[in-house]
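Trainee: The following file, entry-v3.tsv, comprises TSV, N, CA and C atoms and all ligand atoms:
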```tsv
chain	number	residue	atom	x	y	z
A	1	MET	N	-10.74	8.96	-17.50
A	1	MET	CA	-9.86	9.12	-16.35
A	1	MET	C	-9.60	10.59	-16.11
A	2	ASP	N	-10.28	11.19	-15.22
A	2	ASP	CA	-9.94	12.56	-14.89
A	2	ASP	C	-10.47	12.90	-13.51
A	3	SER	N	-9.67	12.64	-12.52
A	3	SER	CA	-10.06	13.11	-11.19
A	3	SER	C	-9.14	14.26	-10.84
A	4	SER	N	-9.75	15.39	-10.62
A	4	SER	CA	-8.95	16.55	-10.21
A	4	SER	C	-8.64	16.49	-8.73
A	5	GLN	N	-9.06	15.40	-8.10
A	5	GLN	CA	-8.95	15.33	-6.64
A	5	GLN	C	-7.64	14.73	-6.15
A	6	GLY	N	-6.91	14.08	-7.02
A	6	GLY	CA	-5.70	13.45	-6.52
A	6	GLY	C	-4.84	12.91	-7.64
A	7	ARG	N	-3.64	12.52	-7.28
A	7	ARG	CA	-2.66	12.03	-8.25
A	7	ARG	C	-3.05	10.63	-8.73
A	8	HIS	N	-2.93	10.41	-10.03
A	8	HIS	CA	-3.26	9.11	-10.61
A	8	HIS	C	-2.16	8.10	-10.29
A	9	LEU	N	-2.55	6.94	-9.76
A	9	LEU	CA	-1.55	5.93	-9.38
A	9	LEU	C	-1.60	4.68	-10.25
A	10	GLY	N	-2.71	4.44	-10.91
A	10	GLY	CA	-2.79	3.24	-11.73
A	10	GLY	C	-4.22	2.83	-11.98
A	11	GLN	N	-4.35	1.62	-12.54
A	11	GLN	CA	-5.66	1.10	-12.89
A	11	GLN	C	-5.96	-0.15	-12.10
A	12	VAL	N	-7.21	-0.27	-11.72
A	12	VAL	CA	-7.64	-1.45	-10.96
A	12	VAL	C	-7.34	-2.73	-11.75
A	13	ASN	N	-7.51	-2.67	-13.05
A	13	ASN	CA	-7.30	-3.86	-13.88
A	13	ASN	C	-5.86	-4.36	-13.86
A	14	ASP	N	-4.94	-3.48	-13.50
A	14	ASP	CA	-3.53	-3.87	-13.44
A	14	ASP	C	-3.15	-4.43	-12.08
A	15	LEU	N	-4.11	-4.52	-11.18
A	15	LEU	CA	-3.83	-4.96	-9.82
A	15	LEU	C	-4.85	-6.02	-9.40
A	16	PRO	N	-4.64	-7.25	-9.84
A	16	PRO	CA	-5.59	-8.32	-9.51
A	16	PRO	C	-5.65	-8.58	-8.00
A	17	ALA	N	-6.71	-9.18	-7.56
A	17	ALA	CA	-6.87	-9.52	-6.14
A	17	ALA	C	-5.68	-10.35	-5.67
A	18	GLY	N	-5.14	-9.97	-4.52
A	18	GLY	CA	-4.00	-10.68	-3.96
A	18	GLY	C	-2.66	-10.15	-4.43
A	19	ASP	N	-2.72	-9.13	-5.28
A	19	ASP	CA	-1.49	-8.59	-5.88
A	19	ASP	C	-1.09	-7.26	-5.23
A	20	MET	N	0.19	-6.92	-5.38
A	20	MET	CA	0.70	-5.64	-4.87
A	20	MET	C	1.59	-5.04	-5.94
A	21	ASN	N	1.71	-3.71	-5.87
A	21	ASN	CA	2.52	-3.00	-6.87
A	21	ASN	C	3.04	-1.71	-6.23
A	22	VAL	N	4.24	-1.31	-6.60
A	22	VAL	CA	4.79	-0.06	-6.07
A	22	VAL	C	4.71	1.03	-7.13
A	23	VAL	N	4.24	2.19	-6.70
A	23	VAL	CA	4.15	3.36	-7.57
A	23	VAL	C	4.94	4.48	-6.91
A	24	LYS	N	5.76	5.17	-7.69
A	24	LYS	CA	6.49	6.33	-7.15
A	24	LYS	C	5.62	7.56	-7.27
A	25	ALA	N	5.60	8.34	-6.22
A	25	ALA	CA	4.87	9.61	-6.22
A	25	ALA	C	5.75	10.62	-5.52
A	26	GLY	N	6.51	11.36	-6.32
A	26	GLY	CA	7.49	12.27	-5.73
A	26	GLY	C	8.54	11.46	-4.99
A	27	ASP	N	8.77	11.80	-3.73
A	27	ASP	CA	9.75	11.08	-2.92
A	27	ASP	C	9.20	9.79	-2.34
A	28	ARG	N	7.92	9.60	-2.47
A	28	ARG	CA	7.29	8.46	-1.82
A	28	ARG	C	7.25	7.23	-2.71
A	29	GLU	N	7.38	6.09	-2.07
A	29	GLU	CA	7.12	4.81	-2.74
A	29	GLU	C	5.82	4.29	-2.14
A	30	ILE	N	4.81	4.25	-2.97
A	30	ILE	CA	3.49	3.86	-2.47
A	30	ILE	C	3.19	2.43	-2.90
A	31	LEU	N	2.90	1.61	-1.91
A	31	LEU	CA	2.58	0.20	-2.16
A	31	LEU	C	1.07	0.07	-2.30
A	32	LEU	N	0.61	-0.27	-3.51
A	32	LEU	CA	-0.81	-0.52	-3.74
A	32	LEU	C	-1.08	-1.99	-3.48
A	33	ILE	N	-2.15	-2.26	-2.77
A	33	ILE	CA	-2.46	-3.62	-2.34
A	33	ILE	C	-3.92	-3.91	-2.65
A	34	ASN	N	-4.17	-4.98	-3.39
A	34	ASN	CA	-5.55	-5.41	-3.61
A	34	ASN	C	-5.78	-6.68	-2.80
A	35	THR	N	-6.55	-6.55	-1.72
A	35	THR	CA	-6.79	-7.71	-0.85
A	35	THR	C	-7.91	-8.60	-1.38
A	36	GLY	N	-8.61	-8.11	-2.38
A	36	GLY	CA	-9.80	-8.82	-2.84
A	36	GLY	C	-11.06	-8.17	-2.27
A	37	SER	N	-10.93	-7.57	-1.11
A	37	SER	CA	-12.07	-6.86	-0.52
A	37	SER	C	-11.92	-5.35	-0.70
A	38	GLY	N	-10.79	-4.93	-1.20
A	38	GLY	CA	-10.58	-3.50	-1.41
A	38	GLY	C	-9.14	-3.23	-1.83
A	39	ILE	N	-8.91	-1.99	-2.24
A	39	ILE	CA	-7.57	-1.56	-2.62
A	39	ILE	C	-7.08	-0.56	-1.59
A	40	PHE	N	-5.86	-0.79	-1.11
A	40	PHE	CA	-5.31	0.01	-0.03
A	40	PHE	C	-3.89	0.43	-0.41
A	41	ALA	N	-3.38	1.42	0.34
A	41	ALA	CA	-2.04	1.91	0.03
A	41	ALA	C	-1.27	2.17	1.31
A	42	LEU	N	-0.06	1.64	1.35
A	42	LEU	CA	0.87	1.88	2.45
A	42	LEU	C	2.18	2.40	1.87
A	43	GLU	N	2.93	3.11	2.70
A	43	GLU	CA	4.31	3.40	2.34
A	43	GLU	C	5.03	2.08	2.12
A	44	ASN	N	5.83	2.00	1.07
A	44	ASN	CA	6.47	0.71	0.77
A	44	ASN	C	7.61	0.37	1.71
A	45	ARG	N	8.32	1.38	2.20
A	45	ARG	CA	9.47	1.10	3.06
A	45	ARG	C	9.02	0.87	4.49
A	46	CYS	N	9.32	-0.30	5.01
A	46	CYS	CA	8.86	-0.69	6.34
A	46	CYS	C	9.33	0.30	7.41
A	47	ILE	N	8.42	0.71	8.25
A	47	ILE	CA	8.72	1.68	9.30
A	47	ILE	C	9.78	1.15	10.27
A	48	HIS	N	9.91	-0.15	10.34
A	48	HIS	CA	10.87	-0.72	11.30
A	48	HIS	C	12.30	-0.56	10.84
A	49	GLY	N	12.59	-1.00	9.63
A	49	GLY	CA	13.99	-1.00	9.19
A	49	GLY	C	14.18	-0.68	7.73
A	50	GLY	N	13.10	-0.29	7.05
A	50	GLY	CA	13.25	0.18	5.68
A	50	GLY	C	13.16	-0.86	4.59
A	51	CYS	N	12.87	-2.10	4.93
A	51	CYS	CA	12.75	-3.11	3.88
A	51	CYS	C	11.53	-2.85	3.00
A	52	SER	N	11.59	-3.34	1.78
A	52	SER	CA	10.47	-3.17	0.86
A	52	SER	C	9.35	-4.13	1.23
A	53	LEU	N	8.18	-3.56	1.49
A	53	LEU	CA	7.03	-4.43	1.81
A	53	LEU	C	6.46	-5.10	0.57
A	54	LEU	N	6.89	-4.65	-0.60
A	54	LEU	CA	6.46	-5.31	-1.84
A	54	LEU	C	6.83	-6.79	-1.80
A	55	HIS	N	7.91	-7.10	-1.09
A	55	HIS	CA	8.36	-8.49	-1.02
A	55	HIS	C	7.80	-9.20	0.20
A	56	GLY	N	6.88	-8.52	0.91
A	56	GLY	CA	6.27	-9.13	2.08
A	56	GLY	C	5.21	-10.15	1.71
A	57	LYS	N	4.63	-10.74	2.75
A	57	LYS	CA	3.63	-11.79	2.55
A	57	LYS	C	2.25	-11.23	2.89
A	58	LEU	N	1.40	-11.19	1.86
A	58	LEU	CA	0.03	-10.70	2.03
A	58	LEU	C	-0.86	-11.88	2.38
A	59	GLU	N	-1.56	-11.75	3.51
A	59	GLU	CA	-2.51	-12.78	3.92
A	59	GLU	C	-3.79	-12.09	4.35
A	60	GLY	N	-4.81	-12.18	3.52
A	60	GLY	CA	-6.05	-11.48	3.82
A	60	GLY	C	-5.78	-9.99	3.85
A	61	GLU	N	-6.01	-9.39	5.01
A	61	GLU	CA	-5.80	-7.95	5.13
A	61	GLU	C	-4.59	-7.63	5.98
A	62	THR	N	-3.69	-8.59	6.10
A	62	THR	CA	-2.44	-8.36	6.82
A	62	THR	C	-1.26	-8.57	5.89
A	63	LEU	N	-0.20	-7.83	6.19
A	63	LEU	CA	1.03	-7.92	5.40
A	63	LEU	C	2.21	-8.09	6.35
A	64	ARG	N	2.97	-9.16	6.14
A	64	ARG	CA	4.13	-9.45	6.99
A	64	ARG	C	5.40	-9.03	6.27
A	65	CYS	N	6.20	-8.21	6.92
A	65	CYS	CA	7.50	-7.83	6.37
A	65	CYS	C	8.44	-9.02	6.54
A	66	LEU	N	9.12	-9.37	5.45
A	66	LEU	CA	9.95	-10.57	5.49
A	66	LEU	C	11.30	-10.33	6.16
A	67	CYS	N	11.64	-9.08	6.43
A	67	CYS	CA	12.94	-8.83	7.07
A	67	CYS	C	12.97	-9.28	8.53
A	68	HIS	N	12.01	-8.80	9.32
A	68	HIS	CA	12.02	-9.14	10.76
A	68	HIS	C	10.66	-9.60	11.25
A	69	GLY	N	9.70	-9.70	10.36
A	69	GLY	CA	8.42	-10.32	10.73
A	69	GLY	C	7.32	-9.41	11.23
A	70	SER	N	7.51	-8.09	11.17
A	70	SER	CA	6.41	-7.22	11.59
A	70	SER	C	5.19	-7.46	10.71
A	71	VAL	N	4.01	-7.39	11.34
A	71	VAL	CA	2.77	-7.60	10.61
A	71	VAL	C	1.92	-6.34	10.74
A	72	PHE	N	1.43	-5.85	9.59
A	72	PHE	CA	0.62	-4.63	9.56
A	72	PHE	C	-0.76	-4.94	8.99
A	73	ASP	N	-1.74	-4.18	9.47
A	73	ASP	CA	-3.07	-4.20	8.88
A	73	ASP	C	-3.02	-3.30	7.64
A	74	VAL	N	-3.25	-3.85	6.47
A	74	VAL	CA	-3.07	-3.06	5.24
A	74	VAL	C	-4.13	-1.97	5.12
A	75	ARG	N	-5.23	-2.09	5.86
A	75	ARG	CA	-6.30	-1.08	5.76
A	75	ARG	C	-5.94	0.20	6.49
A	76	THR	N	-5.13	0.07	7.53
A	76	THR	CA	-4.83	1.23	8.37
A	76	THR	C	-3.34	1.44	8.61
A	77	GLY	N	-2.53	0.44	8.37
A	77	GLY	CA	-1.11	0.50	8.69
A	77	GLY	C	-0.82	0.11	10.13
A	78	ALA	N	-1.85	-0.18	10.92
A	78	ALA	CA	-1.65	-0.50	12.33
A	78	ALA	C	-0.77	-1.74	12.50
A	79	VAL	N	0.04	-1.71	13.54
A	79	VAL	CA	0.92	-2.85	13.84
A	79	VAL	C	0.09	-3.95	14.50
A	80	ILE	N	0.15	-5.13	13.94
A	80	ILE	CA	-0.52	-6.29	14.54
A	80	ILE	C	0.49	-7.11	15.32
A	81	ASP	N	1.71	-7.13	14.80
A	81	ASP	CA	2.78	-7.86	15.49
A	81	ASP	C	4.10	-7.15	15.21
A	82	GLY	N	4.95	-7.09	16.23
A	82	GLY	CA	6.22	-6.39	16.13
A	82	GLY	C	7.26	-7.20	15.40
A	83	PRO	N	8.47	-6.69	15.35
A	83	PRO	CA	9.07	-5.67	16.22
A	83	PRO	C	8.73	-4.21	15.89
A	84	ALA	N	8.05	-3.91	14.81
A	84	ALA	CA	7.72	-2.51	14.53
A	84	ALA	C	6.94	-1.93	15.71
A	85	ALA	N	7.32	-0.73	16.12
A	85	ALA	CA	6.68	-0.10	17.28
A	85	ALA	C	5.69	0.97	16.87
A	86	ARG	N	5.71	1.35	15.58
A	86	ARG	CA	4.81	2.39	15.10
A	86	ARG	C	4.07	1.89	13.87
A	87	SER	N	2.93	2.52	13.62
A	87	SER	CA	2.12	2.15	12.46
A	87	SER	C	2.86	2.45	11.16
A	88	GLN	N	2.63	1.62	10.18
A	88	GLN	CA	3.13	1.88	8.84
A	88	GLN	C	2.28	3.00	8.23
A	89	PRO	N	2.90	4.06	7.66
A	89	PRO	CA	2.09	5.12	7.04
A	89	PRO	C	1.14	4.56	5.98
A	90	ALA	N	-0.10	4.98	6.08
A	90	ALA	CA	-1.14	4.54	5.13
A	90	ALA	C	-1.65	5.75	4.37
A	91	TYR	N	-2.04	5.54	3.13
A	91	TYR	CA	-2.54	6.62	2.28
A	91	TYR	C	-3.98	6.34	1.89
A	92	ALA	N	-4.77	7.40	1.87
A	92	ALA	CA	-6.16	7.28	1.42
A	92	ALA	C	-6.21	7.30	-0.10
A	93	LEU	N	-7.06	6.47	-0.66
A	93	LEU	CA	-7.20	6.36	-2.11
A	93	LEU	C	-8.60	6.74	-2.53
A	94	LEU	N	-8.69	7.16	-3.78
A	94	LEU	CA	-9.98	7.30	-4.45
A	94	LEU	C	-9.96	6.35	-5.63
A	95	VAL	N	-11.01	5.58	-5.79
A	95	VAL	CA	-11.12	4.70	-6.95
A	95	VAL	C	-12.35	5.13	-7.73
A	96	GLU	N	-12.11	5.57	-8.97
A	96	GLU	CA	-13.19	6.07	-9.82
A	96	GLU	C	-13.06	5.46	-11.20
A	97	ASN	N	-14.10	4.84	-11.66
A	97	ASN	CA	-14.14	4.28	-13.02
A	97	ASN	C	-12.92	3.41	-13.30
A	98	GLY	N	-12.53	2.61	-12.33
A	98	GLY	CA	-11.43	1.70	-12.54
A	98	GLY	C	-10.06	2.33	-12.42
A	99	GLU	N	-9.99	3.61	-12.08
A	99	GLU	CA	-8.72	4.31	-11.95
A	99	GLU	C	-8.45	4.59	-10.46
A	100	ILE	N	-7.18	4.49	-10.08
A	100	ILE	CA	-6.79	4.67	-8.68
A	100	ILE	C	-6.08	6.00	-8.52
A	101	PHE	N	-6.53	6.78	-7.59
A	101	PHE	CA	-5.93	8.09	-7.31
A	101	PHE	C	-5.53	8.17	-5.84
A	102	LEU	N	-4.49	8.93	-5.59
A	102	LEU	CA	-4.10	9.26	-4.22
A	102	LEU	C	-4.97	10.42	-3.77
A	103	ALA	N	-5.69	10.21	-2.68
A	103	ALA	CA	-6.52	11.29	-2.15
A	103	ALA	C	-5.62	12.34	-1.51
A	104	ARG	N	-6.04	13.57	-1.57
A	104	ARG	CA	-5.22	14.64	-0.97
A	104	ARG	C	-5.46	14.71	0.51
A	201	LIG	S1	12.33	-3.94	8.28
A	201	LIG	FE1	10.29	-4.66	8.32
A	201	LIG	S2	10.17	-5.76	10.19
A	201	LIG	FE2	12.18	-4.94	10.22
```
Would you mind writing the structure in this file as structure tokens?

Mentor:
Amino acid sequence: MDSSQGRHLGQVNDLPAGDMNVVKAGDREILLINTGSGIFALENRCIHGGCSLLHGKLEGETLRCLCHGSVFDVRTGAVIDGPAARSQPAYALLVENGEIFLAR
């Protein structure tokens, strides 16, 4: 495990398909999501009202916030259904040798 390219966030083995996990990185709460087709990262606090998306409902590559029902594409953070009016911040990841890093 040594990527000089970004901050280490965790291991793929700790994030089974269909699972989510929150990692703190400085002031940020980064939600790691394994959809089964890939590992993605969004800001954990919902852009609409600040609820934790860790408690949301993951369905395929969409994540529904349980507070007011906004649905985001976990690959990009794009809003699929409101009331959120802006995209959820998404983070680029590097996955190397089973280790997950935040890309700079
Ligand atoms: S806080 Fe997430 S939809 Fe309102």

Trainee: Would you name the residues within 6.5 Å of ligand LIG 201 (chain A), counting all atoms listed in the file, and put them as a PDB file with N, CA and C atoms, keeping the file's coordinate frame?

Mentor:
```pdb
ATOM      1  N   CYS A  46       9.320  -0.300   5.010  1.00  0.00           N
ATOM      2  CA  CYS A  46       8.860  -0.690   6.340  1.00  0.00           C
ATOM      3  C   CYS A  46       9.330   0.300   7.410  1.00  0.00           C
ATOM      4  N   ILE A  47       8.420   0.710   8.250  1.00  0.00           N
ATOM      5  CA  ILE A  47       8.720   1.680   9.300  1.00  0.00           C
ATOM      6  C   ILE A  47       9.780   1.150  10.270  1.00  0.00           C
ATOM      7  N   HIS A  48       9.910  -0.150  10.340  1.00  0.00           N
ATOM      8  CA  HIS A  48      10.870  -0.720  11.300  1.00  0.00           C
ATOM      9  C   HIS A  48      12.300  -0.560  10.840  1.00  0.00           C
ATOM     10  N   GLY A  49      12.590  -1.000   9.630  1.00  0.00           N
ATOM     11  CA  GLY A  49      13.990  -1.000   9.190  1.00  0.00           C
ATOM     12  C   GLY A  49      14.180  -0.680   7.730  1.00  0.00           C
ATOM     13  N   GLY A  50      13.100  -0.290   7.050  1.00  0.00           N
ATOM     14  CA  GLY A  50      13.250   0.180   5.680  1.00  0.00           C
ATOM     15  C   GLY A  50      13.160  -0.860   4.590  1.00  0.00           C
ATOM     16  N   CYS A  51      12.870  -2.100   4.930  1.00  0.00           N
ATOM     17  CA  CYS A  51      12.750  -3.110   3.880  1.00  0.00           C
ATOM     18  C   CYS A  51      11.530  -2.850   3.000  1.00  0.00           C
ATOM     19  N   CYS A  65       6.200  -8.210   6.920  1.00  0.00           N
ATOM     20  CA  CYS A  65       7.500  -7.830   6.370  1.00  0.00           C
ATOM     21  C   CYS A  65       8.440  -9.020   6.540  1.00  0.00           C
ATOM     22  N   LEU A  66       9.120  -9.370   5.450  1.00  0.00           N
ATOM     23  CA  LEU A  66       9.950 -10.570   5.490  1.00  0.00           C
ATOM     24  C   LEU A  66      11.300 -10.330   6.160  1.00  0.00           C
ATOM     25  N   CYS A  67      11.640  -9.080   6.430  1.00  0.00           N
ATOM     26  CA  CYS A  67      12.940  -8.830   7.070  1.00  0.00           C
ATOM     27  C   CYS A  67      12.970  -9.280   8.530  1.00  0.00           C
ATOM     28  N   HIS A  68      12.010  -8.800   9.320  1.00  0.00           N
ATOM     29  CA  HIS A  68      12.020  -9.140  10.760  1.00  0.00           C
ATOM     30  C   HIS A  68      10.660  -9.600  11.250  1.00  0.00           C
ATOM     31  N   GLY A  69       9.700  -9.700  10.360  1.00  0.00           N
ATOM     32  CA  GLY A  69       8.420 -10.320  10.730  1.00  0.00           C
ATOM     33  C   GLY A  69       7.320  -9.410  11.230  1.00  0.00           C
ATOM     34  N   SER A  70       7.510  -8.090  11.170  1.00  0.00           N
ATOM     35  CA  SER A  70       6.410  -7.220  11.590  1.00  0.00           C
ATOM     36  C   SER A  70       5.190  -7.460  10.710  1.00  0.00           C
ATOM     37  N   VAL A  71       4.010  -7.390  11.340  1.00  0.00           N
ATOM     38  CA  VAL A  71       2.770  -7.600  10.610  1.00  0.00           C
ATOM     39  C   VAL A  71       1.920  -6.340  10.740  1.00  0.00           C
ATOM     40  N   GLY A  82       4.950  -7.090  16.230  1.00  0.00           N
ATOM     41  CA  GLY A  82       6.220  -6.390  16.130  1.00  0.00           C
ATOM     42  C   GLY A  82       7.260  -7.200  15.400  1.00  0.00           C
ATOM     43  N   PRO A  83       8.470  -6.690  15.350  1.00  0.00           N
ATOM     44  CA  PRO A  83       9.070  -5.670  16.220  1.00  0.00           C
ATOM     45  C   PRO A  83       8.730  -4.210  15.890  1.00  0.00           C
ATOM     46  N   ALA A  84       8.050  -3.910  14.810  1.00  0.00           N
ATOM     47  CA  ALA A  84       7.720  -2.510  14.530  1.00  0.00           C
ATOM     48  C   ALA A  84       6.940  -1.930  15.710  1.00  0.00           C
TER      49      ALA A  84
END
```

Trainee: One number please: CA of Gly6 (chain A) to CA of Leu63 (chain A), in Å, one decimal.

Mentor: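 Separation between CA of Gly6 (chain A) and CA of Leu63 (chain A): 25.4 Å.
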
Trainee: Mind pulling up the distance from CA of Val12 (chain A) to CA of Glu99 (chain A)?

Mentor: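 That distance, rounded to one decimal, is 5.9 Å.
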
Trainee: Could you please write out, as a PyMOL selection string, every residue of chain A that DSSP assigns to strand (DSSP E)?

Mentor: chain A and resi 6-11+20-25+28-34+39-43+57-59+62-64+71-73+79-81+90-91+93-96+99-103

Trainee: Could you state the separation of atom N of Gly60 (chain A) and atom C of Ala103 (chain A) in Å, given to one decimal place?

Mentor: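 Atom C of Ala103 (chain A) lies 25.0 Å from atom N of Gly60 (chain A).
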
Trainee: Of the candidates A:Ala92, A:Ile39, A:Val74, A:Leu53, which one gets nearest to Arg104 (chain A) if we count all atoms listed in the file?

Mentor: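 The closest residue to Arg104 (chain A) is A:Ala92.
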
Trainee: List as number ranges by chain the protein and nucleic acid residues near Leu58 (chain A), meaning an atom at most 9 Å away when only C-alpha atoms are counted, but skip any in the same chain fewer than 3 places from it.

Mentor: A: 18-20, 33, 35, 61-64, 74

Trainee: Would you compute an axis-aligned box for region 23-41 of chain A, covering every atom listed for it in the file with 6 Å of margin on each side, and report centre and edge lengths in Å to one decimal as lines of an AutoDock Vina configuration file?

Mentor:
```
center_x = -1.2
center_y = 1.7
center_z = -3.2
size_x = 33.8
size_y = 33.1
size_z = 21.0
```

Trainee: Could you give me, as an NGL selection string, the residues within 6.5 Å of Gln88 (chain A), counting only N, CA and C atoms and dropping anything in the same chain fewer than 3 positions from it?

Mentor: :A and (42-43 or 47 or 76-79)

Trainee: Name the residues within 7 Å of (-0.2, 5.0, 0.9), counting all atoms listed in the file in the file's coordinates, and put them as a PyMOL selection string.

Mentor: chain A and resi 29-32+40-44+89-92
